[in-house]
Each structure stands twice: as structure tokens, then as C-alpha cells.
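S.K.: Pasting upload.txt below, which is compact mmCIF, C-alpha atoms and all ligand atoms.
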```txt
# COMPACT_ATOMS: atom_id res chain seq x y z
CA MET A 1 0.00 0.00 0.00
CA LEU A 2 1.05 3.54 -0.65
CA LYS A 3 3.05 4.92 2.22
CA SER A 4 0.65 7.50 3.53
CA TYR A 5 0.55 8.77 7.05
CA SER A 6 -3.13 8.27 7.66
CA SER A 7 -3.08 9.22 11.28
CA ARG A 8 -1.24 11.67 13.42
CA ARG A 9 0.06 8.88 15.65
CA GLU A 10 1.43 6.91 12.72
CA PHE A 11 3.05 10.03 11.32
CA LEU A 12 4.72 10.84 14.60
CA LYS A 13 5.93 7.28 14.96
CA LYS A 14 7.41 7.20 11.48
CA SER A 15 8.99 10.62 11.72
CA GLY A 16 10.51 9.76 15.07
CA LEU A 17 8.73 12.60 16.80
CA ILE A 18 7.04 10.43 19.37
CA GLY A 19 8.86 10.68 22.61
CA MET A 20 10.14 14.14 21.80
CA GLY A 21 6.95 15.53 23.24
CA GLY A 22 6.81 18.31 20.68
CA LEU A 23 4.18 19.19 18.17
CA ALA A 24 5.23 18.94 14.58
CA MET A 25 5.32 22.42 13.13
CA GLN A 26 6.37 21.93 9.57
CA LEU A 27 8.05 24.62 7.59
CA ILE A 28 8.13 24.27 3.86
CA PRO A 29 11.36 25.22 2.17
CA LEU A 30 10.71 28.11 -0.13
CA LYS A 31 12.71 30.48 -2.26
CA LEU A 32 11.61 33.98 -1.38
CA ASP A 33 11.81 35.74 -4.70
CA GLY A 34 8.52 37.57 -4.44
CA THR A 35 6.63 35.45 -6.94
CA GLY A 36 4.81 33.24 -4.49
CA PHE A 37 3.63 33.16 -0.91
CA SER A 38 5.75 34.38 1.96
CA GLU A 39 7.27 31.90 4.36
CA ASP A 40 4.67 32.74 7.00
CA GLU A 41 1.80 32.23 4.59
CA LEU A 42 3.12 28.80 3.73
CA ARG A 43 3.77 27.63 7.25
CA LEU A 44 1.62 24.53 7.53
CA GLU A 45 -0.83 24.66 10.35
CA GLU A 46 0.09 22.95 13.54
CA ASN A 47 -1.02 19.36 13.24
CA SER A 48 -3.49 19.22 16.08
CA GLY A 49 -5.93 16.70 14.65
CA THR A 50 -6.05 13.04 13.74
CA PHE A 51 -5.02 13.60 10.14
CA VAL A 52 -1.98 15.54 9.03
CA LEU A 53 -0.84 17.30 5.90
CA ASP A 54 2.63 16.12 4.99
CA PRO A 55 4.99 18.54 3.24
CA LEU A 56 5.35 17.99 -0.50
CA PRO A 57 8.03 15.43 -1.32
CA TYR A 58 9.75 18.10 -3.48
CA GLU A 59 9.98 21.88 -3.77
CA TYR A 60 6.97 23.88 -4.92
CA ASP A 61 8.72 24.78 -8.17
CA ALA A 62 10.00 21.26 -8.86
CA LEU A 63 7.37 20.49 -11.50
CA GLU A 64 7.99 23.62 -13.57
CA PRO A 65 7.54 24.38 -16.39
CA TYR A 66 4.70 21.83 -16.57
CA ILE A 67 3.00 22.74 -13.31
CA ASP A 68 3.83 26.17 -11.96
CA ARG A 69 4.91 26.95 -8.49
CA GLN A 70 2.00 29.20 -7.54
CA THR A 71 -0.50 26.51 -8.50
CA MET A 72 1.38 24.01 -6.34
CA GLU A 73 1.52 26.43 -3.39
CA ILE A 74 -2.20 27.09 -3.44
CA HIS A 75 -3.12 23.51 -4.28
CA HIS A 76 -1.09 21.97 -1.46
CA GLY A 77 -0.98 24.75 1.13
CA LYS A 78 -4.58 25.94 0.78
CA HIS A 79 -6.76 23.30 -0.89
CA HIS A 80 -5.22 20.16 0.60
CA GLN A 81 -4.79 21.85 3.97
CA GLY A 82 -8.48 22.74 3.80
CA TYR A 83 -9.50 19.11 3.28
CA VAL A 84 -7.35 18.04 6.22
CA ASN A 85 -8.77 20.75 8.50
CA ASN A 86 -12.37 19.95 7.56
CA LEU A 87 -11.80 16.22 7.94
CA ASN A 88 -10.32 16.70 11.41
CA ARG A 89 -13.24 18.90 12.43
CA LEU A 90 -15.79 16.38 11.13
CA VAL A 91 -14.28 13.29 12.76
CA GLY A 92 -14.09 15.30 15.99
CA GLU A 93 -17.69 16.50 15.84
CA ASN A 94 -18.98 13.06 14.91
CA LYS A 95 -16.68 11.19 17.28
CA ILE A 96 -15.40 8.97 14.49
CA GLU A 97 -12.31 6.87 15.06
CA ALA A 98 -11.19 5.11 11.92
CA SER A 99 -8.29 5.05 9.53
CA LEU A 100 -8.60 7.05 6.34
CA GLU A 101 -8.75 3.85 4.28
CA SER A 102 -11.58 2.47 6.39
CA LEU A 103 -13.50 5.78 6.18
CA LEU A 104 -13.34 5.62 2.39
CA LYS A 105 -14.29 1.97 2.19
CA ASN A 106 -17.46 2.64 4.19
CA VAL A 107 -17.98 6.22 3.09
CA SER A 108 -21.72 5.81 2.39
CA SER A 109 -22.36 5.37 6.12
CA TYR A 110 -20.71 8.69 7.08
CA PRO A 111 -21.75 12.33 6.64
CA THR A 112 -21.17 13.75 3.13
CA GLY A 113 -18.38 15.97 4.43
CA ILE A 114 -16.34 12.88 5.24
CA ARG A 115 -16.72 11.72 1.63
CA ASN A 116 -15.59 15.08 0.24
CA ASN A 117 -12.80 15.87 2.66
CA GLY A 118 -11.61 12.32 3.36
CA GLY A 119 -11.48 11.76 -0.38
CA GLY A 120 -9.73 15.10 -0.84
CA HIS A 121 -7.08 14.16 1.71
CA TRP A 122 -6.44 10.67 0.30
CA ASN A 123 -6.49 11.77 -3.35
CA HIS A 124 -4.04 14.63 -2.91
CA THR A 125 -1.64 12.62 -0.74
CA PHE A 126 -1.62 10.05 -3.56
CA PHE A 127 -1.31 12.72 -6.26
CA TRP A 128 1.76 14.51 -4.85
CA LYS A 129 3.70 11.24 -4.72
CA MET A 130 2.53 10.41 -8.22
CA MET A 131 4.60 13.28 -9.61
CA SER A 132 8.25 14.25 -9.66
CA GLY A 133 10.46 16.83 -11.31
CA LYS A 134 13.05 14.17 -12.00
CA VAL A 135 11.34 11.44 -13.94
CA GLU A 136 12.26 8.81 -16.45
CA SER A 137 10.62 9.90 -19.68
CA GLN A 138 9.23 6.44 -20.29
CA PRO A 139 8.20 3.76 -17.87
CA GLY A 140 10.05 0.47 -18.04
CA GLY A 141 9.76 -3.08 -16.80
CA MET A 142 6.61 -4.50 -15.35
CA ILE A 143 4.49 -1.35 -15.58
CA ALA A 144 5.25 -0.89 -19.29
CA GLU A 145 4.44 -4.56 -19.94
CA ALA A 146 1.22 -4.38 -17.91
CA ILE A 147 0.08 -1.28 -19.80
CA ASP A 148 1.00 -2.75 -23.20
CA SER A 149 -0.87 -5.96 -22.55
CA SER A 150 -3.95 -4.17 -21.14
CA PHE A 151 -4.22 -1.26 -23.59
CA GLY A 152 -2.17 -2.25 -26.66
CA SER A 153 0.55 0.37 -26.27
CA MET A 154 1.64 3.26 -24.08
CA ASP A 155 0.26 5.78 -26.60
CA LYS A 156 -3.12 4.07 -26.67
CA PHE A 157 -3.17 4.02 -22.90
CA LYS A 158 -2.32 7.73 -22.62
CA ASN A 159 -4.99 8.61 -25.17
CA ALA A 160 -7.64 6.61 -23.35
CA PHE A 161 -6.60 8.06 -19.99
CA ASN A 162 -6.60 11.64 -21.32
CA ASP A 163 -9.98 10.97 -22.88
CA ALA A 164 -11.45 9.89 -19.52
CA ALA A 165 -9.85 12.91 -17.83
CA SER A 166 -11.12 15.33 -20.51
CA LYS A 167 -14.65 13.97 -20.45
CA ARG A 168 -15.04 14.13 -16.68
CA PHE A 169 -17.63 16.91 -16.50
CA GLY A 170 -16.86 19.57 -13.89
CA SER A 171 -14.49 18.63 -11.09
CA GLY A 172 -13.03 15.21 -10.48
CA TRP A 173 -10.28 12.73 -11.15
CA ALA A 174 -9.22 10.16 -13.75
CA TRP A 175 -7.63 6.93 -12.58
CA LEU A 176 -5.77 3.86 -13.66
CA ILE A 177 -6.88 1.14 -11.28
CA ARG A 178 -6.29 -2.52 -10.62
CA THR A 179 -9.63 -4.25 -10.16
CA ALA A 180 -10.33 -7.09 -7.75
CA GLU A 181 -10.09 -9.43 -10.77
CA GLY A 182 -6.54 -8.22 -11.38
CA LYS A 183 -7.33 -6.19 -14.52
CA LEU A 184 -5.99 -2.72 -15.26
CA GLU A 185 -8.83 -0.30 -16.08
CA ILE A 186 -9.27 3.41 -16.66
CA THR A 187 -12.06 5.13 -14.76
CA SER A 188 -13.02 8.57 -13.53
CA THR A 189 -14.79 9.89 -10.45
CA PRO A 190 -16.64 13.15 -9.67
CA ASN A 191 -15.60 15.65 -6.99
CA GLN A 192 -13.21 14.02 -4.47
CA ASP A 193 -14.58 10.49 -4.88
CA ASN A 194 -12.12 7.72 -5.66
CA PRO A 195 -12.24 4.05 -6.67
CA LEU A 196 -11.60 2.87 -3.10
CA MET A 197 -15.00 4.21 -1.99
CA ASP A 198 -18.01 1.95 -1.60
CA VAL A 199 -19.98 4.51 -3.65
CA ALA A 200 -17.63 4.29 -6.66
CA GLU A 201 -19.18 2.99 -9.89
CA THR A 202 -15.95 1.17 -10.77
CA LYS A 203 -13.92 -0.01 -7.82
CA GLY A 204 -10.26 -0.88 -7.61
CA VAL A 205 -6.90 0.13 -6.23
CA PRO A 206 -5.55 3.36 -7.75
CA ILE A 207 -2.25 2.94 -9.60
CA LEU A 208 -2.18 6.37 -11.24
CA GLY A 209 -4.48 9.37 -10.89
CA VAL A 210 -4.81 12.91 -12.16
CA ASP A 211 -6.64 15.83 -10.58
CA VAL A 212 -8.79 17.63 -13.15
CA TRP A 213 -10.32 20.21 -10.83
CA GLU A 214 -9.73 23.65 -12.32
CA HIS A 215 -7.65 24.57 -9.24
CA ALA A 216 -5.06 22.04 -10.48
CA TYR A 217 -4.36 23.93 -13.70
CA TYR A 218 -6.33 27.15 -14.16
CA LEU A 219 -3.59 29.68 -13.30
CA LYS A 220 -1.30 28.37 -16.03
CA TYR A 221 -3.66 26.72 -18.50
CA GLN A 222 -6.96 28.55 -17.86
CA ASN A 223 -9.71 26.50 -19.55
CA ARG A 224 -7.28 24.32 -21.53
CA ARG A 225 -7.58 21.08 -19.59
CA GLY A 226 -6.20 19.14 -22.56
CA ASP A 227 -2.96 21.16 -22.53
CA TYR A 228 -2.57 20.54 -18.80
CA LEU A 229 -3.08 16.81 -19.33
CA GLN A 230 -0.50 16.69 -22.13
CA ALA A 231 2.01 18.51 -19.93
CA TRP A 232 1.22 16.40 -16.89
CA TRP A 233 2.70 13.23 -18.44
CA ASN A 234 6.12 14.92 -18.20
CA VAL A 235 5.96 14.84 -14.41
CA VAL A 236 4.47 11.39 -13.86
CA ASN A 237 6.69 9.49 -11.45
CA TRP A 238 6.73 6.07 -13.13
CA ASN A 239 8.73 4.53 -10.31
CA GLN A 240 5.84 5.35 -7.99
CA VAL A 241 3.32 3.98 -10.52
CA ALA A 242 5.27 0.71 -10.60
CA ALA A 243 5.42 0.64 -6.79
CA ASN A 244 1.65 1.23 -6.63
CA LEU A 245 1.01 -1.63 -9.03
CA MET A 246 3.25 -3.96 -7.08
CA ALA A 247 1.56 -3.02 -3.81
CA ALA A 248 -1.89 -3.56 -5.38
CA GLU A 249 -0.87 -6.99 -6.65
CA ASN A 250 0.25 -7.96 -3.16
CA MET A 251 -3.04 -6.86 -1.59
CA LYS A 252 -5.71 -9.38 -0.90
MN MN3 A 301 -6.98 19.25 -6.13
```
Here is the file; what I need is its structure written in the form of C-alpha cells.

M.R.:
Amino acid sequence: MLKSYSSRREFLKKSGLIGMGGLAMQLIPLKLDGTGFSEDELRLEENSGTFVLDPLPYEYDALEPYIDRQTMEIHHGKHHQGYVNNLNRLVGENKIEASLESLLKNVSSYPTGIRNNGGGHWNHTFFWKMMSGKVESQPGGMIAEAIDSSFGSMDKFKNAFNDAASKRFGSGWAWLIRTAEGKLEITSTPNQDNPLMDVAETKGVPILGVDVWEHAYYLKYQNRRGDYLQAWWNVVNWNQVAANLMAAENMK
């Protein structure tokens, strides 16, 4: 399974902060050249709830020129932080104690806010790791073979994936998933839904996903979702895609 810190306790354990008694105040490294937010504006909020927002695994400008720094700052520091804050508030108000994965699996039995914000938290945590500024231009090995045998070729796969992402009306996500039957399939979900949710039309384990909310691309690409999608392939972290596939294959 994707290495995601789904709870504050788990995060503290993994980051070695347990036992230090301190709260994790995370400061994001940032070049202060006046084009983005100030250091104070980007200081992640103190992680006082069950769920935490991890720093990006790279600098805010690491995906340039394909995804611009300001988009990444707002997307991670404002949008994702918002999902985490709302999720923490909702699990507190409703006295819910469950892992993020279990919330999503049973999302139909929780308030709608859990679906939107729990999905938002999971999807974005997945998405940040799915990208890198230092990527192999083409995937190799098992992931390339799996895509070729499922979709005919990498080009055919990309076209079909972009098609699903382009046709998703309004806000949502496109996904490559591994179904329970072990097949690779392309699907898309509205809003912050994802294929792990019990409400999803097509269920499976996400291997690759792209955010097609306007907030993911509007500053640089305005209404040109297709241009954003074309550019996005340049930052897909194929090593992570391969790791996701391997983890999915090892899941029961
Ligand atoms: Mn988003």
C-alpha cells in the first residue's frame, strides 16, 4: 500500500517525533523571490488533529515548467490543507475513530463531508507522490508490460486516460486502477470520490491518478484542460506507478 501517514500517531511514529513531546510544526522550504507566498503564509498549520498534511516530497517549483509553483503552493498549502482541517473537524464533531482507508471503504455510512474531505485528503496525498520533477521519460519493466498488454501500447493508454480525464464533467479525477479481478482499467470519479469508496461505480486500487479540478491547472492553462493533461505526463513518477502496481498486486 502507498506509504501515507493516515493518522497523526502513525506520522509521529514514522517521523521519530514520538517521545520528543513536541508538536510537529512543519516549515516548507521556499525560495523567497517575491513570486509566491511568503514563508509565513506557507507555514503549515500545527497538526493538532487526527489527520496531518505532509509537506510535499519536493519543492513547490520542482514540476515547472509543466505545473507552476503558484499553482502548487495554493493547491497543497490551501486546498489540501483545507481538506485536512475539515476532515479533522468532522471526525471530531462526529466522534469517528477510523483510519482514512476504512472511512473511504465505508464512506456511504458517514456524513457527506467525510466523503468530500476524506477523499480530498487521500487523493491529494496520492497525487503529490505520483509526480516528480526528476522522472524517467518512459516507464520500463513490469508497468510498461502491464500497460501494453492491457491497452495495446503506451500511446493508446495515454490517449484513453486523457480521454477519460477530458470527459469528466466539472471537477473530479481520472484513474488507472487494478480491479479485484486483477485487470488494469481506466475510470473517472466526480468531486473528491475515488475508486476505493463503496460509492464508486468502478472499484479498484488506484495505480495512477490525475486531478482535473480547475484549481489544479487554471492559473497556467486557464480553460485548456487538454494542454494541462498533455504537460502532466512529463511529471508522472513512473517509479511510484510501478510501486503502486506492485503493492496492489500484493493486496488481498
Ligand atoms: Mn486538487

S.K.: Taking (3.7, 4.2, -14.0) in the coordinates of the supplied file, I want to know which residues reach to within 10 Å of it, counting only C-alpha atoms; could you give the answer as a list in words?

M.R.: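 So the residues meeting the distance criterion are Met130, Gln138, Pro139, Gly140, Gly141, Met142, Ile143, Ala144, Ala146, Ile147, Leu176, Ile207, Leu208, Val236, Asn237, Trp238, Asn239, Gln240, Val241, Ala242, Ala243, Asn244 and Leu245 of chain A.
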
S.K.: Just to be explicit: take each residue in the selection above, keep C-alpha atoms, and write the result as a compact mmCIF listing (two decimals), in the coordinates of the input.

M.R.:
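Just written: result-v4.txt:
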```txt
# COMPACT_ATOMS: atom_id res chain seq x y z
CA MET A 130 2.53 10.41 -8.22
CA GLN A 138 9.23 6.44 -20.29
CA PRO A 139 8.20 3.76 -17.87
CA GLY A 140 10.05 0.47 -18.04
CA GLY A 141 9.76 -3.08 -16.80
CA MET A 142 6.61 -4.50 -15.35
CA ILE A 143 4.49 -1.35 -15.58
CA ALA A 144 5.25 -0.89 -19.29
CA ALA A 146 1.22 -4.38 -17.91
CA ILE A 147 0.08 -1.28 -19.80
CA LEU A 176 -5.77 3.86 -13.66
CA ILE A 207 -2.25 2.94 -9.60
CA LEU A 208 -2.18 6.37 -11.24
CA VAL A 236 4.47 11.39 -13.86
CA ASN A 237 6.69 9.49 -11.45
CA TRP A 238 6.73 6.07 -13.13
CA ASN A 239 8.73 4.53 -10.31
CA GLN A 240 5.84 5.35 -7.99
CA VAL A 241 3.32 3.98 -10.52
CA ALA A 242 5.27 0.71 -10.60
CA ALA A 243 5.42 0.64 -6.79
CA ASN A 244 1.65 1.23 -6.63
CA LEU A 245 1.01 -1.63 -9.03
```

S.K.: Using only C-alpha atoms and all ligand atoms, determine which residues fall within 6 Å of ligand MN3 301 (chain A), then list them as a list in words.

M.R.: Asp211, Trp213 and Ala216 of chain A

S.K.: Under the rule of at most 6 Å, produce a per-residue listing of stretch 106-144 of chain A near stretch 186-199 of chain A: chain, number, name, the closest pair of atoms, and the distance in Å, as JSON lines, using only C-alpha atoms.

M.R.:
```
{"residue": "A:Asn106", "atom": "CA", "partner": "A:Asp198", "partner_atom": "CA", "distance": 5.9}
{"residue": "A:Asn116", "atom": "CA", "partner": "A:Gln192", "partner_atom": "CA", "distance": 5.4}
{"residue": "A:Gly119", "atom": "CA", "partner": "A:Gln192", "partner_atom": "CA", "distance": 5.0}
{"residue": "A:Gly120", "atom": "CA", "partner": "A:Gln192", "partner_atom": "CA", "distance": 5.1}
```

S.K.: Under the rule that all atoms listed in the file are counted, which of A:Trp122, A:Trp232, A:Phe161, A:Tyr83 is the nearest residue to A:Pro65?

M.R.: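 Nearest candidate to A:Pro65 out of A:Trp122, A:Trp232, A:Phe161, A:Tyr83: A:Trp232.
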
S.K.: Find the distance between atom CA of A:Glu73 and atom CA of A:Ser99 and write it in Å to one decimal.

M.R.: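 Straight-line distance from atom CA of A:Glu73 to atom CA of A:Ser99 works out to 26.8 Å.
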
S.K.: Looking at A:Asn86, A:Thr202, A:Gln230, A:Asn117, which one is nearest to A:Ser166, with distances taken over all atoms listed in the file?

M.R.: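 Closest residue, counting all atoms listed in the file: A:Gln230.
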
S.K.: Would you work out the distance separating atom CA of A:Asn85 from atom CA of A:Ala174, expressed in Å to one decimal?

M.R.: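 So the answer is 24.6 Å.
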
S.K.: Quick one: pull the distance between atom CA of A:Glu59 and atom CA of A:Lys78, Å, one decimal.

M.R.: 15.8 Å

S.K.: Here is a test: counting all atoms listed in the file, which residue of A:Ala247, A:Ile67, A:Leu184, A:Leu90 is nearest to A:Phe51?

M.R.: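 Among A:Ala247, A:Ile67, A:Leu184, A:Leu90, it is A:Leu90 that comes nearest to A:Phe51.
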
S.K.: When you count all atoms listed in the file, which of these residues is closest to A:Phe151: A:Gly172, A:Tyr221, A:Leu63, A:Glu185?

M.R.: A:Glu185

S.K.: Quick one: everything within 9 Å of A:Glu97, counting only C-alpha atoms, minus sequence neighbours fewer than 4 positions away in the same chain. Send it as a PyMOL selection string.

M.R.: chain A and resi 50+91-92

S.K.: May I have the residues from that selection written out with C-alpha atoms, as a short mmCIF file (atom, residue, chain, number, x, y, z; two decimals), in the coordinates of the input?

M.R.:
```
data_model
loop_
_atom_site.label_atom_id
_atom_site.label_comp_id
_atom_site.auth_asym_id
_atom_site.auth_seq_id
_atom_site.Cartn_x
_atom_site.Cartn_y
_atom_site.Cartn_z
CA THR A 50 -6.05 13.04 13.74
CA VAL A 91 -14.28 13.29 12.76
CA GLY A 92 -14.09 15.30 15.99
#
```
